[in-house]
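Engineer: Input model_7.tsv, format and content: TSV, C-alpha atoms.
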```tsv
chain	number	residue	atom	x	y	z
A	1	MET	CA	-115.31	-29.85	13.91
A	2	ASP	CA	-115.13	-33.46	12.88
A	3	VAL	CA	-112.69	-33.46	9.96
A	4	PHE	CA	-111.85	-36.33	7.63
A	5	VAL	CA	-108.30	-35.94	6.25
A	6	THR	CA	-107.25	-38.29	3.48
A	7	GLY	CA	-103.53	-38.73	2.93
A	8	VAL	CA	-103.07	-38.03	6.62
A	9	ALA	CA	-99.61	-39.65	6.69
A	10	GLY	CA	-98.52	-37.56	3.72
A	11	PHE	CA	-96.56	-34.33	3.83
A	12	ILE	CA	-99.44	-31.83	3.79
A	13	GLY	CA	-101.95	-34.10	5.52
A	14	PHE	CA	-99.63	-34.58	8.49
A	15	HIS	CA	-98.97	-30.88	8.99
A	16	LEU	CA	-102.63	-29.93	8.55
A	17	SER	CA	-103.71	-32.58	11.05
A	18	GLN	CA	-101.22	-31.28	13.61
A	19	ARG	CA	-102.77	-27.82	13.22
A	20	LEU	CA	-106.35	-29.12	13.45
A	21	LEU	CA	-105.61	-31.16	16.57
A	22	ALA	CA	-103.83	-28.22	18.19
A	23	GLU	CA	-106.95	-26.13	17.56
A	24	GLY	CA	-109.13	-28.73	19.29
A	25	HIS	CA	-110.77	-30.33	16.26
A	26	ARG	CA	-111.29	-34.07	15.86
A	27	VAL	CA	-109.40	-35.66	12.98
A	28	SER	CA	-110.25	-38.96	11.34
A	29	GLY	CA	-107.25	-39.76	9.16
A	30	MET	CA	-106.94	-42.17	6.27
A	31	ASP	CA	-103.91	-43.28	4.25
A	32	ASN	CA	-102.87	-46.38	2.33
A	33	LEU	CA	-99.17	-45.97	3.29
A	34	ASN	CA	-98.13	-47.00	-0.20
A	35	PRO	CA	-94.43	-47.42	-1.12
A	36	TYR	CA	-94.28	-44.58	-3.69
A	37	TYR	CA	-91.71	-43.27	-1.23
A	38	ASP	CA	-90.38	-44.72	2.03
A	39	PRO	CA	-93.38	-45.77	4.16
A	40	ALA	CA	-91.19	-45.42	7.26
A	41	LEU	CA	-91.35	-41.64	6.88
A	42	LYS	CA	-95.14	-41.84	6.69
A	43	ARG	CA	-95.28	-44.04	9.79
A	44	ASP	CA	-93.04	-41.63	11.70
A	45	ARG	CA	-95.41	-38.79	10.83
A	46	LEU	CA	-98.32	-40.91	12.03
A	47	ALA	CA	-96.50	-41.66	15.26
A	48	LEU	CA	-96.56	-37.95	16.09
A	49	LEU	CA	-100.30	-37.72	15.46
A	50	THR	CA	-101.45	-40.90	17.19
A	51	PRO	CA	-100.99	-39.73	20.82
A	52	HIS	CA	-103.33	-36.78	20.29
A	53	HIS	CA	-106.77	-37.00	21.83
A	54	GLY	CA	-109.31	-36.76	19.05
A	55	PHE	CA	-107.19	-38.48	16.39
A	56	SER	CA	-108.09	-41.78	14.75
A	57	PHE	CA	-106.53	-43.55	11.80
A	58	THR	CA	-107.72	-45.99	9.14
A	59	GLU	CA	-105.33	-47.67	6.73
A	60	LEU	CA	-107.30	-47.82	3.51
A	61	ASP	CA	-106.89	-47.30	-0.22
A	62	LEU	CA	-109.05	-44.71	-1.95
A	63	ALA	CA	-109.83	-47.19	-4.70
A	64	ASP	CA	-111.44	-49.60	-2.18
A	65	ARG	CA	-115.08	-48.76	-2.85
A	66	ALA	CA	-116.56	-50.90	-0.08
A	67	GLY	CA	-114.04	-49.63	2.45
A	68	MET	CA	-114.69	-46.01	1.54
A	69	GLU	CA	-118.45	-46.50	1.75
A	70	GLN	CA	-118.01	-47.96	5.21
A	71	VAL	CA	-115.94	-44.99	6.42
A	72	PHE	CA	-118.63	-42.52	5.40
A	73	ALA	CA	-121.45	-44.73	6.69
A	74	GLN	CA	-119.89	-44.97	10.14
A	75	ASN	CA	-119.05	-41.26	10.53
A	76	GLN	CA	-120.62	-37.85	10.10
A	77	PHE	CA	-117.94	-35.41	8.99
A	78	ASP	CA	-118.35	-31.64	9.05
A	79	VAL	CA	-115.52	-31.15	6.57
A	80	VAL	CA	-113.61	-33.50	4.30
A	81	VAL	CA	-110.09	-32.41	3.33
A	82	HIS	CA	-109.04	-34.65	0.49
A	83	LEU	CA	-105.25	-34.63	0.13
A	84	ALA	CA	-104.57	-38.27	-0.80
A	85	ALA	CA	-103.49	-38.82	-4.39
A	86	GLN	CA	-100.87	-40.49	-6.49
A	87	ALA	CA	-98.43	-37.62	-6.77
A	88	GLY	CA	-95.58	-36.83	-9.13
A	89	VAL	CA	-95.42	-35.57	-12.71
A	90	ARG	CA	-92.57	-37.76	-13.95
A	91	TYR	CA	-93.90	-40.90	-12.21
A	92	SER	CA	-97.16	-40.51	-14.15
A	93	ILE	CA	-95.29	-40.99	-17.43
A	94	ASP	CA	-94.34	-44.57	-16.52
A	95	ASN	CA	-97.17	-45.55	-14.16
A	96	PRO	CA	-100.41	-44.12	-15.62
A	97	HIS	CA	-102.75	-46.73	-14.12
A	98	ALA	CA	-101.81	-45.73	-10.57
A	99	TYR	CA	-103.16	-42.25	-11.29
A	100	VAL	CA	-106.46	-43.48	-12.66
A	101	ASP	CA	-107.02	-45.78	-9.67
A	102	SER	CA	-106.20	-43.20	-7.01
A	103	ASN	CA	-106.91	-39.82	-8.54
A	104	LEU	CA	-110.02	-40.64	-10.58
A	105	THR	CA	-111.68	-43.73	-9.10
A	106	GLY	CA	-110.59	-42.75	-5.59
A	107	PHE	CA	-111.88	-39.20	-5.98
A	108	LEU	CA	-115.25	-40.51	-7.17
A	109	HIS	CA	-115.49	-42.49	-3.92
A	110	ILE	CA	-114.83	-39.28	-1.97
A	111	LEU	CA	-117.54	-37.43	-3.88
A	112	GLU	CA	-120.05	-40.24	-3.41
A	113	GLY	CA	-119.24	-40.39	0.28
A	114	CYS	CA	-119.81	-36.64	0.65
A	115	ARG	CA	-123.06	-36.92	-1.30
A	116	HIS	CA	-124.58	-39.72	0.74
A	117	SER	CA	-123.52	-38.44	4.16
A	118	ALA	CA	-124.34	-34.74	3.68
A	119	VAL	CA	-120.79	-33.46	4.30
A	120	GLY	CA	-120.83	-29.71	4.88
A	121	HIS	CA	-117.73	-28.82	2.85
A	122	LEU	CA	-115.32	-30.73	0.63
A	123	VAL	CA	-111.87	-29.15	0.33
A	124	PHE	CA	-109.66	-30.99	-2.14
A	125	ALA	CA	-106.10	-30.72	-3.38
A	126	SER	CA	-105.57	-29.72	-6.97
A	127	SER	CA	-102.21	-28.64	-8.35
A	128	SER	CA	-100.38	-25.86	-10.15
A	129	SER	CA	-99.64	-28.49	-12.80
A	130	VAL	CA	-103.15	-27.98	-14.22
A	131	TYR	CA	-101.88	-24.77	-15.87
A	132	GLY	CA	-99.97	-27.02	-18.25
A	133	ALA	CA	-99.01	-25.20	-21.45
A	134	ASN	CA	-100.19	-21.79	-20.15
A	135	VAL	CA	-97.43	-19.18	-20.24
A	136	LYS	CA	-99.29	-16.02	-19.13
A	137	MET	CA	-98.15	-15.34	-15.59
A	138	PRO	CA	-99.02	-15.15	-12.82
A	139	PHE	CA	-101.32	-18.13	-13.24
A	140	SER	CA	-104.88	-17.15	-12.38
A	141	VAL	CA	-107.82	-19.33	-11.38
A	142	HIS	CA	-109.84	-17.29	-13.87
A	143	ASP	CA	-107.71	-18.56	-16.79
A	144	ASN	CA	-108.62	-21.51	-18.97
A	145	VAL	CA	-106.65	-24.65	-18.04
A	146	ASP	CA	-107.53	-27.07	-20.81
A	147	HIS	CA	-104.00	-27.95	-21.96
A	148	PRO	CA	-102.32	-30.24	-19.39
A	149	ILE	CA	-98.99	-31.79	-20.34
A	150	SER	CA	-98.86	-34.73	-17.92
A	151	LEU	CA	-101.36	-37.37	-16.89
A	152	TYR	CA	-100.97	-36.23	-13.28
A	153	ALA	CA	-102.10	-32.75	-14.29
A	154	ALA	CA	-104.97	-34.20	-16.32
A	155	THR	CA	-106.24	-36.15	-13.31
A	156	LYS	CA	-106.12	-33.02	-11.14
A	157	LYS	CA	-108.06	-31.05	-13.77
A	158	ALA	CA	-110.52	-33.96	-13.90
A	159	ASN	CA	-110.94	-33.72	-10.12
A	160	GLU	CA	-111.95	-30.09	-10.47
A	161	LEU	CA	-114.51	-30.99	-13.14
A	162	MET	CA	-115.88	-33.92	-11.12
A	163	ALA	CA	-116.22	-31.76	-8.00
A	164	HIS	CA	-118.02	-29.07	-9.96
A	165	THR	CA	-120.45	-31.64	-11.31
A	166	TYR	CA	-121.32	-32.84	-7.79
A	167	ALA	CA	-121.62	-29.25	-6.57
A	168	ALA	CA	-124.05	-28.53	-9.42
A	169	LEU	CA	-126.06	-31.76	-9.17
A	170	TYR	CA	-126.23	-32.26	-5.41
A	171	GLY	CA	-125.35	-28.87	-3.89
A	172	ILE	CA	-122.18	-30.17	-2.21
A	173	PRO	CA	-119.97	-27.14	-1.39
A	174	CYS	CA	-116.59	-27.87	-2.98
A	175	THR	CA	-113.35	-25.88	-2.86
A	176	GLY	CA	-110.33	-26.89	-4.94
A	177	LEU	CA	-106.85	-25.71	-3.94
A	178	ARG	CA	-104.06	-25.50	-6.49
A	179	PHE	CA	-100.86	-25.95	-4.51
A	180	PHE	CA	-97.60	-24.52	-5.84
A	181	THR	CA	-94.39	-26.54	-5.17
A	182	VAL	CA	-94.77	-27.24	-1.47
A	183	TYR	CA	-91.61	-27.74	0.61
A	184	GLY	CA	-90.50	-27.84	4.24
A	185	PRO	CA	-89.80	-30.20	7.17
A	186	TRP	CA	-91.18	-33.72	6.80
A	187	GLY	CA	-91.35	-33.13	3.04
A	188	ARG	CA	-91.58	-35.71	0.27
A	189	PRO	CA	-88.36	-37.53	-0.71
A	190	ASP	CA	-89.33	-37.33	-4.40
A	191	MET	CA	-89.29	-33.51	-4.37
A	192	ALA	CA	-86.29	-31.45	-5.45
A	193	LEU	CA	-85.30	-30.00	-2.06
A	194	PHE	CA	-85.25	-33.41	-0.39
A	195	LYS	CA	-83.37	-35.08	-3.25
A	196	PHE	CA	-80.84	-32.24	-3.50
A	197	THR	CA	-80.17	-32.24	0.24
A	198	SER	CA	-79.68	-35.99	0.37
A	199	ALA	CA	-77.35	-36.01	-2.64
A	200	ILE	CA	-75.21	-33.06	-1.50
A	201	LEU	CA	-74.70	-34.50	1.99
A	202	GLU	CA	-73.77	-37.88	0.48
A	203	GLY	CA	-71.42	-36.36	-2.08
A	204	ARG	CA	-73.53	-37.33	-5.09
A	205	PRO	CA	-74.23	-34.98	-8.03
A	206	ILE	CA	-77.67	-33.43	-8.31
A	207	ASP	CA	-79.72	-33.56	-11.52
A	208	ILE	CA	-80.66	-30.10	-12.76
A	209	TYR	CA	-83.25	-30.08	-15.52
A	210	ASN	CA	-83.47	-27.65	-18.43
A	211	HIS	CA	-79.85	-26.78	-17.58
A	212	GLY	CA	-81.07	-24.78	-14.58
A	213	ASP	CA	-83.32	-22.46	-16.60
A	214	MET	CA	-86.40	-23.05	-14.45
A	215	GLN	CA	-88.45	-21.08	-11.94
A	216	ARG	CA	-90.84	-22.35	-9.30
A	217	ASP	CA	-93.23	-20.61	-6.95
A	218	PHE	CA	-91.91	-22.49	-3.91
A	219	THR	CA	-94.46	-22.40	-1.07
A	220	TYR	CA	-93.52	-23.25	2.51
A	221	ILE	CA	-95.62	-25.87	4.26
A	222	ASP	CA	-96.81	-23.58	7.08
A	223	ASP	CA	-98.21	-21.18	4.48
A	224	ILE	CA	-100.02	-24.04	2.76
A	225	VAL	CA	-101.54	-25.21	6.04
A	226	GLU	CA	-102.64	-21.69	6.98
A	227	GLY	CA	-104.35	-21.31	3.62
A	228	VAL	CA	-106.11	-24.69	3.86
A	229	TYR	CA	-107.20	-24.06	7.44
A	230	ARG	CA	-108.76	-20.71	6.59
A	231	VAL	CA	-110.47	-22.03	3.45
A	232	MET	CA	-112.04	-24.88	5.44
A	233	GLY	CA	-114.17	-22.31	7.26
A	234	LEU	CA	-115.17	-20.51	4.05
A	235	VAL	CA	-118.02	-22.59	2.63
A	236	PRO	CA	-118.56	-21.53	-0.98
A	237	GLY	CA	-121.90	-20.47	-2.34
A	238	PRO	CA	-123.14	-19.79	-5.88
A	239	ASP	CA	-121.72	-16.67	-7.53
A	240	PRO	CA	-124.71	-14.52	-8.55
A	241	ASP	CA	-122.59	-12.78	-11.20
A	242	TRP	CA	-121.52	-15.96	-12.97
A	243	SER	CA	-122.65	-16.11	-16.58
A	244	GLY	CA	-122.78	-19.03	-18.96
A	245	SER	CA	-122.19	-16.66	-21.86
A	246	ASP	CA	-118.80	-15.69	-20.40
A	247	PRO	CA	-117.98	-18.51	-17.97
A	248	ASP	CA	-115.40	-17.81	-15.25
A	249	PRO	CA	-113.48	-21.04	-14.44
A	250	GLY	CA	-112.66	-19.94	-10.89
A	251	VAL	CA	-116.26	-19.60	-9.64
A	252	SER	CA	-119.67	-20.97	-10.57
A	253	PHE	CA	-123.45	-20.86	-10.40
A	254	ALA	CA	-122.94	-23.88	-8.11
A	255	PRO	CA	-121.37	-23.83	-4.59
A	256	TYR	CA	-117.89	-24.26	-6.00
A	257	ARG	CA	-114.64	-22.30	-5.82
A	258	ILE	CA	-111.00	-22.64	-6.90
A	259	PHE	CA	-108.02	-20.97	-5.20
A	260	ASN	CA	-104.28	-20.86	-5.83
A	261	ILE	CA	-102.06	-21.25	-2.79
A	262	GLY	CA	-98.63	-20.00	-3.77
A	263	GLY	CA	-96.22	-17.28	-2.77
A	264	SER	CA	-96.45	-15.29	-6.03
A	265	HIS	CA	-92.64	-14.92	-5.93
A	266	PRO	CA	-91.06	-17.44	-8.31
A	267	VAL	CA	-87.47	-18.39	-7.52
A	268	GLY	CA	-84.88	-19.43	-10.08
A	269	LEU	CA	-83.74	-23.00	-9.66
A	270	MET	CA	-80.05	-22.04	-9.53
A	271	HIS	CA	-80.73	-19.47	-6.78
A	272	PHE	CA	-82.71	-22.11	-4.88
A	273	ILE	CA	-79.69	-24.42	-5.06
A	274	GLU	CA	-77.34	-21.65	-3.93
A	275	VAL	CA	-79.50	-21.02	-0.86
A	276	LEU	CA	-79.45	-24.74	-0.08
A	277	GLU	CA	-75.66	-24.92	-0.51
A	278	ARG	CA	-75.24	-22.10	2.01
A	279	ALA	CA	-77.58	-23.79	4.49
A	280	LEU	CA	-75.68	-27.07	4.17
A	281	GLY	CA	-72.23	-25.47	4.06
A	282	ARG	CA	-71.37	-27.57	1.01
A	283	GLN	CA	-71.19	-27.14	-2.75
A	284	ALA	CA	-73.21	-29.37	-5.05
A	285	ALA	CA	-71.79	-31.28	-7.98
A	286	LYS	CA	-74.23	-30.49	-10.79
A	287	ASN	CA	-75.43	-32.77	-13.57
A	288	MET	CA	-77.10	-30.53	-16.18
A	289	LEU	CA	-79.93	-32.21	-18.11
A	290	PRO	CA	-82.58	-31.19	-20.66
A	291	LEU	CA	-86.20	-30.41	-19.77
A	292	GLN	CA	-88.08	-33.57	-18.88
A	293	PRO	CA	-91.40	-34.64	-20.45
A	294	GLY	CA	-94.32	-33.21	-18.49
A	295	ASP	CA	-92.25	-30.46	-16.82
A	296	VAL	CA	-92.90	-26.75	-17.25
A	297	LYS	CA	-90.23	-24.06	-17.21
A	298	ALA	CA	-91.90	-21.71	-14.73
A	299	THR	CA	-94.80	-21.36	-12.30
A	300	CYS	CA	-96.17	-18.33	-10.49
A	301	ALA	CA	-99.41	-18.08	-8.53
A	302	ASP	CA	-101.88	-15.23	-8.62
A	303	ALA	CA	-103.07	-15.54	-5.00
A	304	LEU	CA	-105.17	-12.38	-4.91
A	305	ASP	CA	-108.45	-14.31	-4.76
A	306	LEU	CA	-107.21	-16.23	-1.71
A	307	GLU	CA	-106.09	-13.04	0.01
A	308	GLU	CA	-109.40	-11.30	-0.66
A	309	ALA	CA	-111.42	-14.31	0.52
A	310	VAL	CA	-109.57	-15.28	3.71
A	311	GLY	CA	-107.16	-12.42	4.42
A	312	PHE	CA	-103.99	-14.43	3.90
A	313	ARG	CA	-101.30	-15.05	1.32
A	314	PRO	CA	-98.07	-17.09	1.67
A	315	LEU	CA	-95.19	-15.12	3.14
A	316	VAL	CA	-92.25	-17.37	4.13
A	317	PRO	CA	-89.19	-16.72	1.89
A	318	VAL	CA	-87.12	-19.63	0.56
A	319	GLU	CA	-84.10	-18.56	2.63
A	320	THR	CA	-86.10	-19.17	5.82
A	321	GLY	CA	-87.92	-22.25	4.56
A	322	ILE	CA	-84.81	-24.02	3.31
A	323	GLU	CA	-82.96	-23.36	6.57
A	324	ARG	CA	-85.83	-24.90	8.53
A	325	PHE	CA	-85.89	-27.91	6.22
A	326	VAL	CA	-82.15	-28.49	6.58
A	327	GLU	CA	-82.44	-28.30	10.38
A	328	TRP	CA	-85.19	-30.92	10.29
A	329	TYR	CA	-83.31	-33.14	7.83
A	330	ARG	CA	-80.13	-33.16	9.90
A	331	SER	CA	-82.09	-33.96	13.05
A	332	TYR	CA	-84.30	-36.66	11.51
A	333	TYR	CA	-81.48	-38.47	9.70
A	334	ARG	CA	-78.89	-37.67	12.37
A	335	VAL	CA	-76.52	-36.13	9.81
```
Step by step, read the file and then write its structure as structure tokens.
Structural biologist:
Amino acid sequence: MDVFVTGVAGFIGFHLSQRLLAEGHRVSGMDNLNPYYDPALKRDRLALLTPHHGFSFTELDLADRAGMEQVFAQNQFDVVVHLAAQAGVRYSIDNPHAYVDSNLTGFLHILEGCRHSAVGHLVFASSSSVYGANVKMPFSVHDNVDHPISLYAATKKANELMAHTYAALYGIPCTGLRFFTVYGPWGRPDMALFKFTSAILEGRPIDIYNHGDMQRDFTYIDDIVEGVYRVMGLVPGPDPDWSGSDPDPGVSFAPYRIFNIGGSHPVGLMHFIEVLERALGRQAAKNMLPLQPGDVKATCADALDLEEAVGFRPLVPVETGIERFVEWYRSYYRV
């Protein structure tokens, strides 16, 4: 396949592209290499992809309408995997315009590109954050998600609505993937595991929100990639059982589908830290803080739909995943 991967220098985009190239697919990657976190890490990921036959890269911002139109005009993609976005819940509190430019305007450019170049399947990243104020767990794609509590979450919910509109109007097959707290080697420096590891090794205290009373459905990167890869080959069609009198948010009369990708085994934050301390062989100094605006206390994915559709659900436990991350971190930073 010819696959267009946006956010190719990002955490998930890099790992997915490695998998696609190893399987013999051609990958056209795009990223703006912005400084939200250290661009050197992004460039080092790119450096591992560049030697592969079948890989090409364009440095471009999603919000660049003319540039995006040119990319789609010059290529014919079988599948678009849209992973680029302005990430981060807390960052969206202070920098809302970045989220509108990238996650709304940029996503419109993706949809328009797919529309005008007859892309066979658009797979796009949503987020577990769309569940917002929901407390019924595990979180199901068949639940209503109309109460986001951060602008980041609102933009991801908007992406799902925009994609559904294009699926309904133009017949573009669209699949949205709600990722649950992704972690692993080459991860993002703004995520908890990376920040905790860095601080502990440097002897700095770690910030623990809601005084440690939090749970997350941590999902290892290889499980995320496996889920994305399998979903790419599952082009959605209209659900003949969908009814407007009792609308199911997870499916549609249009060629549109939503899946959770999460392990369905939430881990307490304090246990997560204990596992990391054992892997590092050091104790963390802990700075207990209240719950932050936009944060939720717990997440847990109902991944049954994913398992039934593609025969896979995430399996890697945090003990294994954290150990692999620490090995990578020590090697990469020569600690």
Engineer: Within 8 Å of Leu62 of chain A, counting all atoms listed in the file, which residues show up once you throw out same-chain ones fewer than 2 positions away? Write them as a ChimeraX atom specification, please.
Structural biologist: /A:32,60,64-65,68,84,102,105-107,109-110
Engineer: Here is a test: counting only C-alpha atoms, which residue of A:Asp295, A:Asp101, A:Asp94, A:Asp78 is nearest to Ala118 of chain A?
Structural biologist: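 Looking at the shortest contact to Ala118 of chain A, the residue is A:Asp78.
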Engineer: Suppose you want the space between atom CA of Ala301 of chain A and atom CA of Tyr91 of chain A; what is it in Å?
Structural biologist: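 Computed distance, atom CA of Ala301 of chain A to atom CA of Tyr91 of chain A, equals 23.8 Å.
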Engineer: Determine the axis-aligned bounding box of all atoms of segment 51-68 of chain A present in the file, pad each side by 5 Å, and express its centre and edge lengths in Å to one decimal place as JSON.
Structural biologist:
```
{"center_x": -108.8, "center_y": -43.8, "center_z": 8.6, "size_x": 25.6, "size_y": 24.1, "size_z": 36.5}
```
Engineer: So how far away is atom CA of Gln283 of chain A from atom CA of Gly212 of chain A, in Å?
Structural biologist: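 Between atom CA of Gly212 of chain A and atom CA of Gln283 of chain A the gap works out to 15.6 Å.
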Engineer: One decimal, Å: what's the distance from atom CA of Arg90 of chain A over to atom CA of Phe194 of chain A, could you say?
Structural biologist: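 If I compute the distance from atom CA of Arg90 of chain A to atom CA of Phe194 of chain A, I get 16.0 Å.
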Engineer: Skip His25 of chain A itself and residues of its chain fewer than 5 positions away, then list as a list in words all residues within 10 Å of it, counting all atoms listed in the file.
Structural biologist: Met1, Asp2, Val3, Ser17, Gln18, Arg19, Leu20, His53, Gly54 and Phe55 of chain A
Engineer: Can you list every residue of segment 143-235 of chain A that has an atom at most 9 Å from segment 120-135 of chain A, with its nearest atom pair and the distance in Å to one decimal, using all atoms listed in the file, ordered by chain then number, as JSON lines?
Structural biologist:
```
{"residue": "A:Asp143", "atom": "CA", "partner": "A:Tyr131", "partner_atom": "CA", "distance": 8.6}
{"residue": "A:Asn144", "atom": "CA", "partner": "A:Tyr131", "partner_atom": "CA", "distance": 8.1}
{"residue": "A:Val145", "atom": "CA", "partner": "A:Tyr131", "partner_atom": "CA", "distance": 5.2}
{"residue": "A:Asp146", "atom": "CA", "partner": "A:Tyr131", "partner_atom": "CA", "distance": 7.8}
{"residue": "A:His147", "atom": "CA", "partner": "A:Gly132", "partner_atom": "CA", "distance": 5.6}
{"residue": "A:Pro148", "atom": "CA", "partner": "A:Gly132", "partner_atom": "CA", "distance": 4.1}
{"residue": "A:Ile149", "atom": "CA", "partner": "A:Gly132", "partner_atom": "CA", "distance": 5.3}
{"residue": "A:Ser150", "atom": "CA", "partner": "A:Gly132", "partner_atom": "CA", "distance": 7.8}
{"residue": "A:Tyr152", "atom": "CA", "partner": "A:Ser129", "partner_atom": "CA", "distance": 7.9}
{"residue": "A:Ala153", "atom": "CA", "partner": "A:Val130", "partner_atom": "CA", "distance": 4.9}
{"residue": "A:Ala154", "atom": "CA", "partner": "A:Val130", "partner_atom": "CA", "distance": 6.8}
{"residue": "A:Thr155", "atom": "CA", "partner": "A:Val130", "partner_atom": "CA", "distance": 8.8}
{"residue": "A:Lys156", "atom": "CA", "partner": "A:Ser126", "partner_atom": "CA", "distance": 5.3}
{"residue": "A:Lys157", "atom": "CA", "partner": "A:Val130", "partner_atom": "CA", "distance": 5.8}
{"residue": "A:Asn159", "atom": "CA", "partner": "A:Ser126", "partner_atom": "CA", "distance": 7.4}
{"residue": "A:Glu160", "atom": "CA", "partner": "A:Ser126", "partner_atom": "CA", "distance": 7.3}
{"residue": "A:Ala163", "atom": "CA", "partner": "A:Leu122", "partner_atom": "CA", "distance": 8.7}
{"residue": "A:Ile172", "atom": "CA", "partner": "A:His121", "partner_atom": "CA", "distance": 6.9}
{"residue": "A:Pro173", "atom": "CA", "partner": "A:His121", "partner_atom": "CA", "distance": 5.1}
{"residue": "A:Cys174", "atom": "CA", "partner": "A:Leu122", "partner_atom": "CA", "distance": 4.8}
{"residue": "A:Thr175", "atom": "CA", "partner": "A:Val123", "partner_atom": "CA", "distance": 4.8}
{"residue": "A:Gly176", "atom": "CA", "partner": "A:Phe124", "partner_atom": "CA", "distance": 5.0}
{"residue": "A:Leu177", "atom": "CA", "partner": "A:Ala125", "partner_atom": "CA", "distance": 5.1}
{"residue": "A:Arg178", "atom": "CA", "partner": "A:Ser127", "partner_atom": "CA", "distance": 4.1}
{"residue": "A:Phe179", "atom": "CA", "partner": "A:Ser127", "partner_atom": "CA", "distance": 4.9}
{"residue": "A:Phe180", "atom": "CA", "partner": "A:Ser128", "partner_atom": "CA", "distance": 5.3}
{"residue": "A:Thr181", "atom": "CA", "partner": "A:Ser128", "partner_atom": "CA", "distance": 7.8}
{"residue": "A:Val228", "atom": "CA", "partner": "A:Val123", "partner_atom": "CA", "distance": 8.1}
{"residue": "A:Val231", "atom": "CA", "partner": "A:Val123", "partner_atom": "CA", "distance": 7.9}
{"residue": "A:Met232", "atom": "CA", "partner": "A:Val123", "partner_atom": "CA", "distance": 6.7}
{"residue": "A:Gly233", "atom": "CA", "partner": "A:His121", "partner_atom": "CA", "distance": 8.6}
{"residue": "A:Leu234", "atom": "CA", "partner": "A:His121", "partner_atom": "CA", "distance": 8.8}
{"residue": "A:Val235", "atom": "CA", "partner": "A:His121", "partner_atom": "CA", "distance": 6.2}
```
Engineer: Applying 8 Å and only C-alpha atoms, which residues near Met137 of chain A remain after dropping the ones on its own chain fewer than 5 positions away? List them as a PDB file with C-alpha atoms, in the coordinates of the input.
Structural biologist:
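The new file out-v4.pdb reads:
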```
ATOM      1  CA  THR A 299     -94.800 -21.360 -12.300  1.00  0.00           C
ATOM      2  CA  CYS A 300     -96.170 -18.330 -10.490  1.00  0.00           C
ATOM      3  CA  ALA A 301     -99.410 -18.080  -8.530  1.00  0.00           C
ATOM      4  CA  ASP A 302    -101.880 -15.230  -8.620  1.00  0.00           C
TER       5      ASP A 302
END
```
Engineer: With only C-alpha atoms as the atoms that count, which of A:Met162, A:Met214, A:Leu276, A:Val27 lies nearest to Tyr256 of chain A?
Structural biologist: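 Ranked by minimum distance to Tyr256 of chain A, first place goes to A:Met162.
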Engineer: Restricting the calculation to only C-alpha atoms, which member of A:Ala298, A:Leu169, A:Leu201, A:Ala192 is positioned closest to Ala254 of chain A?
Structural biologist: A:Leu169
Engineer: Taking only C-alpha atoms into account, which of A:Tyr209, A:Trp242, A:Tyr99, A:Tyr37 comes nearest Met270 of chain A?
Structural biologist: A:Tyr209
Engineer: Which residue is closest to Leu306 of chain A? Choose from A:Ser140, A:Ser198, A:Thr219, A:Ser245 and count all atoms listed in the file.
Structural biologist: A:Ser140
Engineer: Give me the residues within 8 Å of Ala285 of chain A as a count of residues only, counting only C-alpha atoms and dropping any in the same chain fewer than 3 places off.
Structural biologist: 5
